[in-house]
Amino acid sequence: MDIRQFNIRQTIIVAILVLYFGKYLTKRIKFLQNFNIPDAVSGGVLASLILWFCYAVFKFQIEFDLDIRNALLIIFFTTIGLSSKLETLLQGGKPLLILLTTAVIYLFLQNLTGIGIAALMGLDLPIGLISGSVSLSGGLGTVIAWSPIFRDTYGITNASEIGIASATLGLVLGGIVGGPVAKLLIVRNQLESNYQEKELTIGIKHGQKNVTIDYNTMLNSFLVIGFAIGLGIELNYIVAAIGLRLPDFVTCLLAGIFLTNTTPYIFRRFPWPANTPSLALISDVSLGLFLAMSLMSLQLWTLAGMGGPIAVLLLVQFIVSTLYTIFVVFPVMGRTYNAAVISAGYSGLTLGATPTAIANMTAVTERFGASPQAFIIVPLVGAFFIDLANAFVIQKFLNFLN
């Protein structure tokens with residue numbers, strides 16, 4: 001096997017090319033355009049398939065340096081925080097609680113589905129849990145954290161491989177389903193954004209003209225992002241000191257929210273970049289590159305050894321997630337345009353990860369209009385609350401399986 005190591009510079013170049021290719025595919029293929037498939041998803045999935053072909057046929061493998069990916073994730077969530085105005089946060093209070101409650105209920109349903117299908121196929125029941133909220137709602141981080149317990153306590157020797165395979169395929173499925181779900185809900189219910197004239201939280205709306213992005217607004221955005229990230233990292237040290245472990249991007253998100261709702265009122269003459277095309281563009285590029293790197297680096301050949309049962313498990317989880325989103329999440333969130341955008345994000349959240357959810361919502365809002373509330377609610381649920389709830393739910397199911 002010929003293994004080539006790509007450094008950070010080469011990894012960024014490939015990620016940019018993947019994004020360009022995704023945009024080209026979206027422009028040329030009506031299905032991708034009509035169903036709001038994110039550019040990074042279409043380009044990234046195809047890139048991972050090409051690399052799989054190289055691995056299988058030419059015995060050639062590329063390993064990417066993904067250190068820069070974590071920095072892009074932090075920048076992205078910081079921009080989300082900086083775009084979160086207090087009035088929108090207050091409006092999102094009740095919907096946030098509703099979505100959180102709905103999401104926690106789904107954690108139980110997701111695990112019951114996994115265990116039920118595992119029992120029907122004669123698999124060890126903990127495998128259903130691994131292919132449930134551990135890998136899908138939890139993602140790779142949760143898989144890495146819980147795999148030793150499944151291996152040492154429950155005898156699932158390949159728990160890590162099953163979890164990584166499930167999280168990998170879930171990431172792809174989550175990026176594909178969100179756009180079609182949102183379009184179905186928007187078209188069927190004839191929904192429109194209440195913020196047609198408002199700048200998008202991420203990206204620029206399709207066909208929008210006279211967008212003002214200049215040197216000063218970009219420089220202001222980078223300056224504020226730098227301060228927010230610094231504050232977020234210091235905040236994480238404080239949080240860690242009291243015994244609470246949070247990813248850096250969560251505290252950077254919170255730091256962005258704090259700064260954007262205080263600093264502009266103290267330094268009134270400073271041109272704060274919140275809700276400007278410049279900040280939205282930085283957010284869009286950071287998210288696109290992060291997701292492109294995540295998908296192009298997927299080693300899809302590792303899924304081949306997982307066999308049919310895992311594929312069946314994930315197919316059923318995909319169907320249950322889609323039905324739950326359409327018939328539960330959308331109605332309880334109010335059947336509005338915001339609810340449809342949140343549903344697009346929720347589809348990505350339950351199968352992939354929070355960045356996948358945001359990419360889904362970005363693709364939808366770039367076509368149909370802004371939804372500021374969705375970009376506050378979904379990140380807070382997906383990047384913070386749901387991880388805490390998931391740890392509790394997983395432990396409850398493990399106690400039940402004993």
# chains A, B, ... in the order shown; residues from 1 in each chain; ligands from 1
$ residues_around --residues "region 93-95 of chain A" --least-positions-apart "6" --cutoff "9 Å" --atoms "only C-alpha atoms" --output "list of chain:residue names"
A:Val332, A:Met333, A:Gly334, A:Gln373, A:Ile377
$ closest_residue --among "A:Leu313, A:Ala353, A:Thr142, A:Thr276" --to "Ile127 (chain A)" --atoms "only C-alpha atoms"
A:Leu313
$ closest_residue --among "A:Ile62, A:Val316, A:Leu300, A:Ala357" --to "Asn111 (chain A)" --atoms "only C-alpha atoms"
A:Val316
$ residues_around --residues "Ile358 (chain A)" --least-positions-apart "4" --cutoff "7 Å" --atoms "only C-alpha atoms" --output "ChimeraX atom specification"
/A:345,354,362
$ closest_residue --among "A:Ala311, A:Ile3, A:Leu401, A:Val364" --to "Leu125 (chain A)" --atoms "only C-alpha atoms"
A:Leu401
$ closest_atom_pairs --of "region 2-44 of chain A" --to "region 66-90 of chain A" --cutoff "10 Å" --atoms "only C-alpha atoms" --output "Markdown table"
| residue | atom | partner | partner_atom | distance |
| --- | --- | --- | --- | --- |
| A:Phe6 | CA | A:Leu66 | CA | 9.4 |
| A:Asn7 | CA | A:Leu66 | CA | 8.6 |
| A:Ile8 | CA | A:Ile68 | CA | 6.8 |
| A:Arg9 | CA | A:Ile68 | CA | 9.4 |
| A:Thr11 | CA | A:Leu66 | CA | 7.5 |
| A:Ile12 | CA | A:Ile68 | CA | 8.3 |
$ write_last_selection --atoms "N, CA and C atoms" --output "mmCIF file, in the first residue's frame"
data_model
loop_
_atom_site.group_PDB
_atom_site.id
_atom_site.type_symbol
_atom_site.label_atom_id
_atom_site.label_comp_id
_atom_site.auth_asym_id
_atom_site.auth_seq_id
_atom_site.Cartn_x
_atom_site.Cartn_y
_atom_site.Cartn_z
ATOM 1 N N PHE A 6 -0.393 14.160 3.231
ATOM 2 C CA PHE A 6 -0.579 15.541 2.790
ATOM 3 C C PHE A 6 -0.440 16.469 3.995
ATOM 4 N N ASN A 7 0.360 17.539 3.850
ATOM 5 C CA ASN A 7 0.499 18.497 4.937
ATOM 6 C C ASN A 7 -0.686 19.462 4.954
ATOM 7 N N ILE A 8 -0.644 20.433 5.872
ATOM 8 C CA ILE A 8 -1.773 21.355 6.033
ATOM 9 C C ILE A 8 -2.038 22.136 4.747
ATOM 10 N N ARG A 9 -0.967 22.643 4.123
ATOM 11 C CA ARG A 9 -1.143 23.415 2.893
ATOM 12 C C ARG A 9 -1.810 22.581 1.797
ATOM 13 N N THR A 11 -3.624 19.898 2.222
ATOM 14 C CA THR A 11 -4.986 19.553 2.646
ATOM 15 C C THR A 11 -5.957 20.685 2.339
ATOM 16 N N ILE A 12 -5.533 21.930 2.600
ATOM 17 C CA ILE A 12 -6.389 23.083 2.320
ATOM 18 C C ILE A 12 -6.643 23.203 0.824
#
$ atom_distance --atom1 "CA of Phe108 (chain A)" --atom2 "CA of Ala359 (chain A)"
25.5 Å
$ residues_around --residues "region 133-141 of chain A" --least-positions-apart "5" --cutoff "10 Å" --atoms "only C-alpha atoms" --output "number ranges by chain"
A: 103, 106-112, 114, 128, 146-147, 160, 162-171, 174, 314, 317-318, 348-354, 382-383, 386-388, 390-391, 393-394
$ write_last_selection --atoms "C-alpha atoms" --output "compact mmCIF listing (two decimals), in the first residue's frame"
# COMPACT_ATOMS: atom_id res chain seq x y z
CA ALA A 103 -34.40 15.90 20.77
CA TYR A 106 -35.60 11.07 20.17
CA LEU A 107 -32.40 9.85 21.86
CA PHE A 108 -34.51 7.19 23.58
CA LEU A 109 -36.32 6.37 20.32
CA GLN A 110 -33.03 6.17 18.41
CA ASN A 111 -31.59 3.69 20.90
CA LEU A 112 -34.78 1.64 21.08
CA GLY A 114 -31.10 0.30 17.24
CA GLY A 128 -27.75 -1.48 18.42
CA TRP A 146 -17.61 5.12 24.89
CA SER A 147 -15.95 2.40 22.77
CA SER A 160 -14.75 1.27 17.86
CA ILE A 162 -18.70 -0.29 14.33
CA GLY A 163 -19.08 3.15 15.90
CA ILE A 164 -16.73 4.88 13.47
CA ALA A 165 -18.40 3.18 10.48
CA SER A 166 -21.87 4.19 11.73
CA ALA A 167 -20.80 7.78 12.43
CA THR A 168 -19.11 8.00 9.02
CA LEU A 169 -22.12 6.81 7.05
CA GLY A 170 -24.42 8.87 9.26
CA LEU A 171 -22.43 11.99 8.41
CA GLY A 174 -27.27 13.58 7.41
CA LEU A 314 -28.37 2.59 9.62
CA GLN A 317 -32.27 4.73 11.62
CA PHE A 318 -32.30 6.96 8.52
CA GLY A 348 -28.36 16.45 10.03
CA LEU A 349 -28.11 16.56 13.81
CA THR A 350 -29.62 13.14 14.45
CA LEU A 351 -27.58 11.37 11.77
CA GLY A 352 -24.36 13.33 11.43
CA ALA A 353 -23.10 16.27 13.46
CA THR A 354 -23.84 19.91 14.25
CA GLY A 382 -26.59 20.21 18.97
CA ALA A 383 -23.28 21.55 20.26
CA ILE A 386 -27.69 17.23 23.47
CA ASP A 387 -24.21 15.92 24.33
CA LEU A 388 -24.96 16.24 28.04
CA ASN A 390 -26.89 11.83 25.42
CA ALA A 391 -24.34 10.77 28.06
CA VAL A 393 -29.35 8.38 28.07
CA ILE A 394 -26.51 6.07 27.00
$ closest_residue --among "A:Ile257, A:Gly155, A:Trp272, A:Leu298" --to "Gln61 (chain A)" --atoms "only C-alpha atoms"
A:Leu298
$ closest_residue --among "A:Ala370, A:Ile13, A:Ala56, A:Ala241" --to "Tyr337 (chain A)" --atoms "only C-alpha atoms"
A:Ala370
$ atom_distance --atom1 "CA of Ile98 (chain A)" --atom2 "CA of Ile233 (chain A)"
29.7 Å
$ closest_residue --among "A:Thr102, A:Ala274, A:Val45, A:Asn194" --to "Pro331 (chain A)" --atoms "only C-alpha atoms"
A:Thr102
